[in-house]
$ cat input-v7.cif   # mmCIF, C-alpha atoms and all ligand atoms
data_final
#
loop_
_atom_site.label_atom_id
_atom_site.label_comp_id
_atom_site.auth_asym_id
_atom_site.auth_seq_id
_atom_site.Cartn_x
_atom_site.Cartn_y
_atom_site.Cartn_z
CA MET A 1 -20.46 13.89 -15.74
CA ALA A 2 -16.73 13.95 -15.07
CA ALA A 3 -15.60 12.28 -11.86
CA ASN A 4 -13.98 14.12 -8.99
CA ILE A 5 -10.30 13.33 -8.89
CA ILE A 6 -9.11 12.10 -5.50
CA ASP A 7 -5.66 13.65 -5.27
CA GLY A 8 -3.55 11.04 -3.48
CA LYS A 9 -0.39 13.03 -3.98
CA ALA A 10 -1.80 16.06 -2.17
CA PHE A 11 -3.40 13.88 0.53
CA ALA A 12 -0.08 12.09 1.06
CA ALA A 13 1.60 15.46 1.62
CA THR A 14 -0.85 16.21 4.45
CA VAL A 15 -0.22 12.78 6.00
CA ARG A 16 3.55 13.38 5.84
CA GLU A 17 3.07 16.78 7.48
CA LYS A 18 1.23 15.15 10.38
CA VAL A 19 3.96 12.51 10.62
CA ALA A 20 6.64 15.20 10.63
CA GLY A 21 4.82 16.98 13.46
CA HIS A 22 4.77 13.82 15.57
CA VAL A 23 8.41 13.10 14.79
CA ALA A 24 9.39 16.61 15.90
CA ARG A 25 7.45 16.18 19.15
CA LEU A 26 9.02 12.80 19.85
CA LYS A 27 12.42 14.35 19.37
CA GLU A 28 11.71 17.36 21.55
CA GLU A 29 9.74 15.79 24.38
CA ASN A 30 11.19 12.29 24.49
CA ASP A 31 14.53 12.54 22.72
CA ILE A 32 13.48 9.71 20.39
CA ILE A 33 13.99 9.57 16.62
CA PRO A 34 11.86 6.97 14.80
CA GLY A 35 13.90 4.73 12.49
CA LEU A 36 12.79 2.80 9.41
CA ALA A 37 14.92 0.01 7.92
CA VAL A 38 14.34 -1.13 4.34
CA VAL A 39 15.85 -4.39 3.12
CA LEU A 40 16.26 -4.85 -0.62
CA VAL A 41 17.45 -8.17 -2.01
CA GLY A 42 18.57 -8.06 -5.64
CA GLU A 43 18.73 -5.30 -8.20
CA ASP A 44 15.22 -4.97 -9.61
CA PRO A 45 15.34 -1.42 -11.06
CA ALA A 46 11.69 -0.59 -10.20
CA SER A 47 12.27 -1.70 -6.60
CA GLN A 48 15.42 0.41 -6.41
CA VAL A 49 13.54 3.53 -7.47
CA TYR A 50 10.83 2.80 -4.92
CA VAL A 51 13.32 2.14 -2.11
CA ARG A 52 15.17 5.37 -2.92
CA SER A 53 12.00 7.46 -2.76
CA LYS A 54 11.02 5.84 0.56
CA GLY A 55 14.46 6.63 1.98
CA LYS A 56 14.26 10.24 0.84
CA GLN A 57 10.78 10.79 2.30
CA THR A 58 11.76 9.10 5.55
CA VAL A 59 14.55 11.63 6.04
CA GLU A 60 12.32 14.52 4.94
CA VAL A 61 9.89 13.88 7.81
CA GLY A 62 12.80 13.81 10.26
CA MET A 63 13.16 10.07 10.80
CA ASN A 64 16.26 7.93 10.46
CA SER A 65 16.46 5.76 7.35
CA TYR A 66 18.52 2.58 7.19
CA GLU A 67 18.98 0.73 3.92
CA HIS A 68 20.25 -2.82 3.58
CA LYS A 69 21.04 -3.77 0.01
CA MET A 70 21.82 -7.45 -0.42
CA GLU A 71 22.94 -9.50 -3.43
CA ALA A 72 20.28 -11.30 -5.47
CA ASP A 73 21.80 -14.67 -4.49
CA THR A 74 21.78 -13.91 -0.74
CA SER A 75 21.08 -17.03 1.33
CA GLU A 76 18.04 -17.35 3.54
CA GLU A 77 20.36 -17.66 6.52
CA ASP A 78 22.11 -14.36 5.75
CA LEU A 79 18.83 -12.53 5.21
CA LEU A 80 17.39 -13.94 8.46
CA ALA A 81 20.54 -12.78 10.27
CA VAL A 82 20.08 -9.22 8.98
CA ILE A 83 16.41 -9.22 10.03
CA ASN A 84 17.35 -10.60 13.43
CA GLY A 85 19.84 -7.77 13.85
CA LEU A 86 17.16 -5.19 13.00
CA ASN A 87 14.65 -6.87 15.34
CA ASN A 88 17.13 -6.38 18.17
CA ASP A 89 18.22 -2.86 17.24
CA PRO A 90 16.43 -0.34 19.49
CA ALA A 91 17.05 2.46 16.96
CA VAL A 92 14.93 0.61 14.39
CA HIS A 93 11.15 0.88 14.91
CA GLY A 94 10.01 -0.25 11.48
CA ILE A 95 11.31 -2.98 9.16
CA LEU A 96 10.27 -3.43 5.53
CA VAL A 97 11.56 -6.23 3.34
CA GLN A 98 10.86 -5.24 -0.25
CA LEU A 99 8.74 -7.80 -2.13
CA PRO A 100 8.83 -9.82 -4.27
CA LEU A 101 11.92 -11.66 -3.06
CA PRO A 102 14.06 -13.77 -5.41
CA ASP A 103 12.54 -17.23 -5.99
CA HIS A 104 14.99 -19.18 -3.83
CA LEU A 105 13.87 -17.36 -0.68
CA ASN A 106 10.77 -18.43 1.27
CA GLU A 107 8.75 -15.23 1.47
CA ASP A 108 6.41 -16.39 4.27
CA LEU A 109 9.32 -17.53 6.40
CA ILE A 110 11.17 -14.24 5.91
CA ILE A 111 8.15 -12.03 6.60
CA ASN A 112 7.24 -14.01 9.71
CA SER A 113 10.76 -13.60 11.07
CA ILE A 114 10.21 -9.83 11.41
CA ALA A 115 9.23 -8.78 14.94
CA PRO A 116 5.46 -8.19 14.57
CA GLU A 117 5.61 -4.85 16.37
CA LYS A 118 8.21 -3.62 13.83
CA ASP A 119 6.36 -5.06 10.83
CA VAL A 120 5.31 -1.74 9.31
CA ASP A 121 4.02 -3.53 6.19
CA GLY A 122 1.51 -5.44 8.33
CA PHE A 123 2.30 -8.70 6.51
CA HIS A 124 3.32 -10.84 9.54
CA ILE A 125 0.74 -13.54 10.38
CA SER A 126 0.24 -11.98 13.82
CA ASN A 127 -0.75 -8.67 12.28
CA VAL A 128 -2.94 -10.39 9.68
CA GLY A 129 -4.74 -12.23 12.48
CA LEU A 130 -5.10 -9.12 14.62
CA LEU A 131 -6.56 -7.17 11.69
CA GLY A 132 -8.95 -10.03 10.87
CA THR A 133 -10.25 -10.10 14.42
CA GLY A 134 -10.53 -6.32 14.72
CA GLN A 135 -7.66 -5.92 17.17
CA LYS A 136 -4.94 -3.31 17.20
CA SER A 137 -2.30 -4.24 14.60
CA MET A 138 0.07 -2.84 12.02
CA VAL A 139 -2.15 -2.23 8.98
CA PRO A 140 -0.77 -2.80 5.44
CA CYS A 141 0.15 0.55 3.91
CA THR A 142 -1.57 0.36 0.53
CA PRO A 143 -5.01 -0.66 1.87
CA LEU A 144 -4.61 1.84 4.74
CA GLY A 145 -3.96 4.63 2.23
CA CYS A 146 -7.02 3.60 0.22
CA LEU A 147 -9.17 3.57 3.37
CA MET A 148 -7.96 7.03 4.39
CA MET A 149 -8.92 8.44 0.98
CA LEU A 150 -12.34 6.73 1.04
CA ARG A 151 -13.12 7.98 4.56
CA ASP A 152 -11.98 11.47 3.66
CA TYR A 153 -14.19 11.54 0.56
CA HIS A 154 -17.31 9.81 1.90
CA GLY A 155 -17.24 10.35 5.64
CA SER A 156 -18.95 7.12 6.70
CA LEU A 157 -18.64 4.00 4.50
CA SER A 158 -21.30 2.12 6.48
CA GLY A 159 -23.64 0.02 4.35
CA MET A 160 -21.88 0.74 1.07
CA ASP A 161 -21.37 -2.08 -1.44
CA ALA A 162 -17.63 -2.53 -2.01
CA VAL A 163 -16.00 -4.77 -4.59
CA VAL A 164 -12.29 -5.47 -4.28
CA ILE A 165 -10.81 -6.96 -7.46
CA GLY A 166 -7.76 -9.01 -6.42
CA ARG A 167 -7.18 -11.30 -3.43
CA SER A 168 -3.47 -10.92 -2.72
CA ASN A 169 -2.19 -10.96 0.85
CA ILE A 170 -0.61 -7.53 0.41
CA VAL A 171 -3.54 -5.62 -1.11
CA GLY A 172 -6.84 -7.38 -1.84
CA LYS A 173 -7.41 -9.35 1.37
CA PRO A 174 -6.40 -6.64 3.88
CA MET A 175 -8.35 -4.07 1.85
CA ALA A 176 -11.45 -6.24 2.17
CA GLN A 177 -10.90 -6.56 5.94
CA LEU A 178 -10.63 -2.79 6.36
CA LEU A 179 -13.78 -2.15 4.32
CA LEU A 180 -15.61 -4.79 6.37
CA GLY A 181 -14.33 -3.07 9.52
CA ASP A 182 -15.98 0.11 8.27
CA SER A 183 -19.25 -1.83 7.72
CA CYS A 184 -19.22 -2.07 3.94
CA THR A 185 -20.83 -5.11 2.32
CA VAL A 186 -17.70 -6.56 0.76
CA THR A 187 -17.19 -8.77 -2.27
CA ILE A 188 -13.73 -10.03 -3.19
CA ALA A 189 -13.38 -10.80 -6.89
CA HIS A 190 -10.48 -12.63 -8.56
CA SER A 191 -9.49 -14.44 -11.71
CA ARG A 192 -12.12 -17.15 -11.23
CA THR A 193 -14.99 -14.78 -10.52
CA LYS A 194 -18.01 -15.44 -12.76
CA ASP A 195 -19.27 -12.42 -14.66
CA LEU A 196 -16.90 -9.85 -13.18
CA PRO A 197 -18.56 -6.94 -15.06
CA GLU A 198 -21.91 -7.64 -13.35
CA VAL A 199 -20.24 -8.00 -9.93
CA VAL A 200 -18.45 -4.67 -10.37
CA ARG A 201 -21.64 -2.93 -11.61
CA ARG A 202 -23.25 -3.46 -8.18
CA ALA A 203 -20.48 -1.62 -6.36
CA ASP A 204 -20.58 1.81 -4.74
CA ILE A 205 -16.83 1.40 -4.16
CA VAL A 206 -14.53 -0.42 -6.60
CA VAL A 207 -10.95 -1.15 -5.57
CA ALA A 208 -8.94 -2.47 -8.52
CA ALA A 209 -5.79 -4.38 -7.45
CA VAL A 210 -5.16 -6.78 -10.29
CA GLY A 211 -1.94 -5.83 -12.04
CA ARG A 212 -3.53 -5.72 -15.51
CA PRO A 213 -3.17 -2.38 -17.30
CA GLU A 214 -6.50 -0.56 -17.80
CA MET A 215 -8.48 -3.76 -17.33
CA VAL A 216 -11.60 -2.17 -15.82
CA PRO A 217 -13.57 -0.22 -18.44
CA GLY A 218 -16.03 2.57 -17.67
CA ASP A 219 -19.07 0.51 -18.60
CA TRP A 220 -18.45 -1.79 -15.60
CA ILE A 221 -18.81 1.19 -13.27
CA LYS A 222 -22.12 2.12 -11.68
CA GLU A 223 -22.97 5.77 -12.27
CA GLY A 224 -21.49 7.81 -9.40
CA ALA A 225 -19.40 4.99 -7.86
CA THR A 226 -15.96 5.61 -6.36
CA VAL A 227 -13.01 3.94 -8.09
CA ILE A 228 -9.77 3.35 -6.18
CA ASP A 229 -7.10 2.28 -8.64
CA VAL A 230 -4.25 0.43 -6.94
CA GLY A 231 -2.60 -0.84 -10.14
CA ILE A 232 0.88 0.35 -11.06
CA ASN A 233 1.63 -0.83 -14.59
CA ARG A 234 4.44 0.43 -16.76
CA ILE A 235 3.47 0.20 -20.43
CA PRO A 236 4.96 1.46 -23.71
CA ALA A 237 3.94 5.01 -24.64
CA PRO A 238 4.88 5.44 -28.29
CA GLU A 239 2.90 8.72 -28.35
CA LYS A 240 5.58 10.17 -26.03
CA GLY A 241 8.38 9.07 -28.34
CA GLU A 242 10.15 5.90 -29.33
CA GLY A 243 10.96 3.55 -26.44
CA LYS A 244 9.15 5.78 -23.92
CA MET A 245 7.04 4.23 -21.13
CA LYS A 246 4.17 5.49 -18.98
CA LEU A 247 2.40 4.40 -15.78
CA VAL A 248 -1.23 3.33 -15.93
CA GLY A 249 -3.55 1.77 -13.39
CA ASP A 250 -5.82 -1.26 -13.51
CA ALA A 251 -8.79 0.94 -14.40
CA ASP A 252 -9.21 2.63 -17.75
CA PHE A 253 -9.05 6.18 -16.46
CA ALA A 254 -10.63 7.90 -19.48
CA SER A 255 -13.81 5.81 -19.59
CA CYS A 256 -14.10 5.21 -15.83
CA SER A 257 -13.89 8.90 -15.04
CA GLU A 258 -16.95 9.50 -17.25
CA ARG A 259 -19.12 7.23 -15.09
CA ALA A 260 -17.55 7.36 -11.64
CA GLY A 261 -18.39 9.97 -9.02
CA ALA A 262 -14.76 9.95 -7.89
CA ILE A 263 -11.58 8.24 -8.99
CA THR A 264 -7.91 8.06 -7.98
CA PRO A 265 -5.41 8.72 -10.79
CA VAL A 266 -2.26 6.74 -11.61
CA PRO A 267 0.30 8.11 -10.98
CA GLY A 268 -0.61 10.44 -8.11
CA GLY A 269 -3.25 8.34 -6.35
CA VAL A 270 -2.72 5.26 -4.21
CA GLY A 271 1.08 5.09 -4.73
CA PRO A 272 2.06 8.25 -2.82
CA MET A 273 -0.41 7.35 -0.05
CA THR A 274 1.30 3.97 0.35
CA ILE A 275 4.63 5.60 1.17
CA ALA A 276 2.99 8.18 3.45
CA CYS A 277 1.27 5.35 5.36
CA LEU A 278 4.58 3.52 5.71
CA LEU A 279 5.97 6.59 7.47
CA ALA A 280 2.79 6.84 9.55
CA ASN A 281 3.11 3.18 10.58
CA THR A 282 6.73 3.76 11.59
CA VAL A 283 5.75 6.61 13.94
CA THR A 284 2.92 4.48 15.34
CA ALA A 285 5.34 1.58 15.92
CA CYS A 286 7.81 3.93 17.59
CA CYS A 287 5.17 5.32 19.95
CA ARG A 288 3.96 1.82 20.86
CA ALA A 289 7.53 0.63 21.44
CA ASN A 290 8.06 3.46 23.90
CA GLY A 291 4.70 3.22 25.65
CA LEU A 292 3.68 6.66 24.37
CA ALA A 293 0.29 7.85 23.17
CA GLU A 294 -0.28 6.95 19.53
CA PRO A 295 -0.72 9.70 16.97
CA GLU A 296 -4.37 10.17 16.10
CA GLY A 297 -5.68 9.87 12.55
CA LEU A 298 -2.71 7.89 11.27
CA THR A 299 -4.05 4.37 11.88
CA ALA A 300 -7.20 2.53 10.79
N1 LIG B 401 0.05 1.61 -5.39
C1 LIG B 401 0.72 0.81 -4.58
O1 LIG B 401 1.23 1.28 -3.60
C2 LIG B 401 0.82 -0.63 -4.85
C3 LIG B 401 0.43 -1.09 -6.08
N2 LIG B 401 0.44 -2.41 -6.36
C4 LIG B 401 -0.07 -2.79 -7.68
O2 LIG B 401 -1.37 -3.35 -7.50
C5 LIG B 401 -1.59 -4.38 -8.45
C6 LIG B 401 -1.93 -5.66 -7.72
O3 LIG B 401 -0.86 -6.05 -6.91
P1 LIG B 401 -0.86 -7.42 -6.08
O4 LIG B 401 -2.08 -7.50 -5.26
O5 LIG B 401 0.47 -7.53 -5.45
O6 LIG B 401 -0.96 -8.47 -7.31
P2 LIG B 401 -1.06 -10.05 -7.36
O7 LIG B 401 -0.56 -10.44 -8.69
O8 LIG B 401 -0.51 -10.66 -6.13
O9 LIG B 401 -2.64 -10.31 -7.32
C7 LIG B 401 -3.46 -9.99 -8.40
C8 LIG B 401 -4.87 -10.43 -8.13
O10 LIG B 401 -5.65 -10.09 -9.28
C9 LIG B 401 -6.41 -11.21 -9.66
N3 LIG B 401 -6.61 -11.24 -11.11
C10 LIG B 401 -5.69 -11.46 -12.06
N4 LIG B 401 -6.25 -11.43 -13.28
C11 LIG B 401 -7.57 -11.20 -13.08
C12 LIG B 401 -8.67 -11.08 -13.95
N5 LIG B 401 -8.55 -11.19 -15.27
N6 LIG B 401 -9.88 -10.85 -13.41
C13 LIG B 401 -10.02 -10.73 -12.07
N7 LIG B 401 -9.02 -10.83 -11.21
C14 LIG B 401 -7.80 -11.07 -11.70
C15 LIG B 401 -5.64 -12.43 -9.20
O11 LIG B 401 -6.56 -13.49 -9.05
P3 LIG B 401 -6.11 -14.98 -8.60
O12 LIG B 401 -5.83 -14.89 -7.14
O13 LIG B 401 -7.29 -15.81 -8.92
O14 LIG B 401 -4.89 -15.31 -9.40
C16 LIG B 401 -5.02 -11.93 -7.90
O15 LIG B 401 -5.87 -12.18 -6.81
C17 LIG B 401 -0.31 -4.42 -9.28
O16 LIG B 401 -0.49 -3.59 -10.41
C18 LIG B 401 0.74 -3.84 -8.37
O17 LIG B 401 1.79 -3.26 -9.07
C19 LIG B 401 0.82 -3.32 -5.42
C20 LIG B 401 1.25 -2.93 -4.19
C21 LIG B 401 1.32 -1.54 -3.82
N1 LIG B 402 7.33 -5.01 1.32
C1 LIG B 402 6.77 -4.27 0.38
N2 LIG B 402 5.89 -3.30 0.71
C2 LIG B 402 5.31 -2.53 -0.26
O1 LIG B 402 4.48 -1.64 0.07
C3 LIG B 402 5.66 -2.75 -1.63
C4 LIG B 402 6.58 -3.77 -1.90
N3 LIG B 402 7.11 -4.51 -0.90
N4 LIG B 402 6.94 -4.04 -3.18
C5 LIG B 402 6.47 -3.22 -4.28
C6 LIG B 402 5.11 -2.60 -4.01
C7 LIG B 402 4.80 -1.44 -4.91
N5 LIG B 402 4.67 -0.29 -4.05
C8 LIG B 402 4.53 1.03 -4.49
C9 LIG B 402 4.49 2.10 -3.63
C10 LIG B 402 4.43 3.41 -4.08
C11 LIG B 402 4.40 3.68 -5.42
C12 LIG B 402 4.34 5.10 -5.91
O2 LIG B 402 4.60 6.02 -5.16
N6 LIG B 402 4.03 5.34 -7.18
C13 LIG B 402 3.97 6.65 -7.79
C14 LIG B 402 4.71 6.70 -9.11
C15 LIG B 402 6.13 6.34 -9.02
C16 LIG B 402 6.79 6.26 -10.39
O3 LIG B 402 6.70 7.24 -11.15
O4 LIG B 402 7.34 5.18 -10.69
C17 LIG B 402 2.53 7.02 -8.07
O5 LIG B 402 1.69 6.09 -8.19
O6 LIG B 402 2.22 8.18 -8.20
C18 LIG B 402 4.42 2.62 -6.30
C19 LIG B 402 4.47 1.31 -5.84
C20 LIG B 402 4.87 -0.70 -2.76
N7 LIG B 402 5.12 -2.00 -2.68
#
$ encode --input "input-v7.cif" --output "structure tokens"
Amino acid sequence: MAANIIDGKAFAATVREKVAGHVARLKEENDIIPGLAVVLVGEDPASQVYVRSKGKQTVEVGMNSYEHKMEADTSEEDLLAVINGLNNDPAVHGILVQLPLPDHLNEDLIINSIAPEKDVDGFHISNVGLLGTGQKSMVPCTPLGCLMMLRDYHGSLSGMDAVVIGRSNIVGKPMAQLLLGDSCTVTIAHSRTKDLPEVVRRADIVVAAVGRPEMVPGDWIKEGATVIDVGINRIPAPEKGEGKMKLVGDADFASCSERAGAITPVPGGVGPMTIACLLANTVTACCRANGLAEPEGLTA
């Protein structure tokens, strides 16, 4: 049986519409325009594309977008000074420092220098701790987008067996926390996991966040399970012509969609939801900063 496709691109459009509605209300009733600042260090072409599309979507929902492009050899001091400026700028409600940073910069130090209430990525240790203890926080965008799609598809996730493949701070760990918060029985798998295929076969929900193109084959998937494919891998696509590339996920879409009950595609799945959730987090941060009621349905 062919899996249902969970259309992240369409879902993201509905999230952006809600965000745009809240932005319009903030403008009209409170004379406030939410602002999102993105800091990009270096010239990684993939990052540039991503930063551009974030900027465009930020403006499309009516928010202000600020971009700070810095040289690849920027010093820690200079980067910290820019972040400090944004922390103190009342027009900026959300700050995102694009990762990964060049090797000479201490990523933890930089992330933890962002004011936690403006940390729309949810990577600051305060937000990580708040999420882990079930308190109100800024929730990382990619896992938040995955959770929204899972809740929309299943209703309640309570009691479901969830396996998250990958234990990174930006995807795997916060994803596991969110699933636990929704009362799933959660397993986090990683490169040292023994017998990964058997672990994955137990799962009602599989979240693949590994960074290995098409690593998860269909025969690891329990019949009817839901597969959330976080992977964004650019690989050669000679079938499209010489030198052409294509995007694939961490799950093998063709074989997984024969066994799964539902699956997110790549592109058009988790990726667009990540950006939509970044905009949602910015509105949430703006409302909190101004002591206003938070938009409903845009947080975890
Ligand atoms: N759609 C979106 O919006 C986003 C997509 N991504 C994509 O998601 C993927 C993961 O990103 P990220 O979490 O940052 O990646 P990381 O490289 O930080 O983490 C990868 C994780 O996968 C684990 N892993 C690696 N190889 C294996 C293996 N053979 N078997 C089991 N586990 C393995 C690693 O284990 P160990 O810890 O033991 O090394 C690690 O925990 C990437 O493709 C990235 O591009 C990321 C962010 C946003
Ligand atoms: N501080 C920080 N926060 C992040 O959230 C962050 C980051 N750094 N560094 C890089 C990763 C990656 N990431 C993506 C988001 C959306 C798409 C996305 O929209 N992808 C489209 C395809 C885009 C294309 O065609 O290239 C899709 O999947 O349909 C991809 C990747 C966020 N990240």
$ residues_around --input "input-v7.cif" --residues "A:Pro100" --least-positions-apart "6" --cutoff "12 Å" --atoms "all atoms listed in the file" --output "PDB file with C-alpha atoms, in the coordinates of the input"
ATOM      1  CA  VAL A  39      15.850  -4.390   3.120  1.00  0.00           C
ATOM      2  CA  LEU A  40      16.260  -4.850  -0.620  1.00  0.00           C
ATOM      3  CA  VAL A  41      17.450  -8.170  -2.010  1.00  0.00           C
ATOM      4  CA  GLY A  42      18.570  -8.060  -5.640  1.00  0.00           C
ATOM      5  CA  GLU A  43      18.730  -5.300  -8.200  1.00  0.00           C
ATOM      6  CA  ASP A  44      15.220  -4.970  -9.610  1.00  0.00           C
ATOM      7  CA  ALA A  46      11.690  -0.590 -10.200  1.00  0.00           C
ATOM      8  CA  SER A  47      12.270  -1.700  -6.600  1.00  0.00           C
ATOM      9  CA  ALA A  72      20.280 -11.300  -5.470  1.00  0.00           C
ATOM     10  CA  ASN A 106      10.770 -18.430   1.270  1.00  0.00           C
ATOM     11  CA  GLU A 107       8.750 -15.230   1.470  1.00  0.00           C
ATOM     12  CA  ASP A 108       6.410 -16.390   4.270  1.00  0.00           C
ATOM     13  CA  ILE A 110      11.170 -14.240   5.910  1.00  0.00           C
ATOM     14  CA  ILE A 111       8.150 -12.030   6.600  1.00  0.00           C
ATOM     15  CA  ILE A 170      -0.610  -7.530   0.410  1.00  0.00           C
TER      16      ILE A 170
END
$ residues_near_ligand --input "input-v7.cif" --ligand "ligand LIG 402 (chain B)" --cutoff "9 Å" --atoms "all atoms listed in the file" --output "JSON, numbers by chain"
{"A": [8, 9, 38, 39, 46, 47, 49, 50, 51, 53, 54, 96, 97, 98, 99, 100, 101, 111, 120, 121, 123, 140, 141, 142, 170, 230, 231, 232, 234, 246, 247, 248, 249, 265, 266, 267, 268, 269, 270, 271, 272, 273, 274, 275, 278]}
$ closest_residue --input "input-v7.cif" --among "A:Ala189, A:Leu279, A:Ala12, A:Ala293" --to "A:Gly62" --atoms "only C-alpha atoms"
A:Leu279
$ residues_around --input "input-v7.cif" --residues "A:Met1" --least-positions-apart "3" --cutoff "10 Å" --atoms "all atoms listed in the file" --output "list in words"
Asn4, Glu223, Gly224, Ser257, Glu258, Arg259, Ala260 and Gly261 of chain A
$ atom_distance --input "input-v7.cif" --atom1 "atom CA of A:Cys256" --atom2 "atom C18 of ligand LIG 401 (chain B)"
18.9 Å
$ atom_distance --input "input-v7.cif" --atom1 "atom CA of A:Gly55" --atom2 "atom CA of A:Gln177"
28.9 Å
$ atom_distance --input "input-v7.cif" --atom1 "atom CA of A:Ala262" --atom2 "atom CA of A:Thr226"
4.8 Å
$ residues_around --input "input-v7.cif" --residues "A:Met63" --least-positions-apart "3" --cutoff "7 Å" --atoms "only C-alpha atoms" --output "PyMOL selection string"
chain A and resi 23+33-35+58-59
$ residues_around --input "input-v7.cif" --residues "A:Asp31" --least-positions-apart "6" --cutoff "12 Å" --atoms "all atoms listed in the file" --output "PyMOL selection string"
chain A and resi 23-25+91+290
$ axis_aligned_box --input "input-v7.cif" --around "ligand LIG 401 (chain B)" --padding-each-side "8 Å" --output "lines of an AutoDock Vina configuration file"
center_x = -4.1
center_y = -7.1
center_z = -9.4
size_x = 27.8
size_y = 33.4
size_z = 27.7
$ closest_residue --input "input-v7.cif" --among "A:Arg16, A:Lys222, A:Lys244, A:Lys173" --to "ligand LIG 401 (chain B)" --atoms "all atoms listed in the file"
A:Lys173
$ closest_residue --input "input-v7.cif" --among "A:Ala300, A:Ile32, A:Ile125, A:Val210" --to "A:Met149" --atoms "only C-alpha atoms"
A:Ala300
$ residues_around --input "input-v7.cif" --residues "A:Asp252" --least-positions-apart "5" --cutoff "7 Å" --atoms "only C-alpha atoms" --output "short mmCIF file (atom, residue, chain, number, x, y, z; two decimals) with C-alpha atoms, keeping the file's coordinate frame"
data_model
loop_
_atom_site.label_atom_id
_atom_site.label_comp_id
_atom_site.auth_asym_id
_atom_site.auth_seq_id
_atom_site.Cartn_x
_atom_site.Cartn_y
_atom_site.Cartn_z
CA GLU A 214 -6.50 -0.56 -17.80
CA MET A 215 -8.48 -3.76 -17.33
CA VAL A 216 -11.60 -2.17 -15.82
CA PRO A 217 -13.57 -0.22 -18.44
CA GLY A 218 -16.03 2.57 -17.67
#
$ closest_residue --input "input-v7.cif" --among "A:Thr193, A:Gln48, A:Thr187, A:Asn64" --to "A:His93" --atoms "only C-alpha atoms"
A:Asn64
$ closest_residue --input "input-v7.cif" --among "A:Gln135, A:Lys194, A:Val171, A:Gly181" --to "ligand LIG 401 (chain B)" --atoms "all atoms listed in the file"
A:Val171
$ closest_residue --input "input-v7.cif" --among "A:Gln57, A:Asn84, A:Ser183, A:Asn169" --to "ligand LIG 401 (chain B)" --atoms "only C-alpha atoms and all ligand atoms"
A:Asn169
$ residues_near_point --input "input-v7.cif" --point "(2.5, 3.9, 18.1)" --cutoff "10 Å" --atoms "only C-alpha atoms" --output "MDAnalysis selection string"
chainID A and resid 93 117 138 280:296 298:299
$ residues_near_point --input "input-v7.cif" --point "(-12.0, 12.6, -7.6)" --cutoff "7 Å" --atoms "all atoms listed in the file" --output "VMD selection string"
chain A and resid 3 to 7 262 to 264
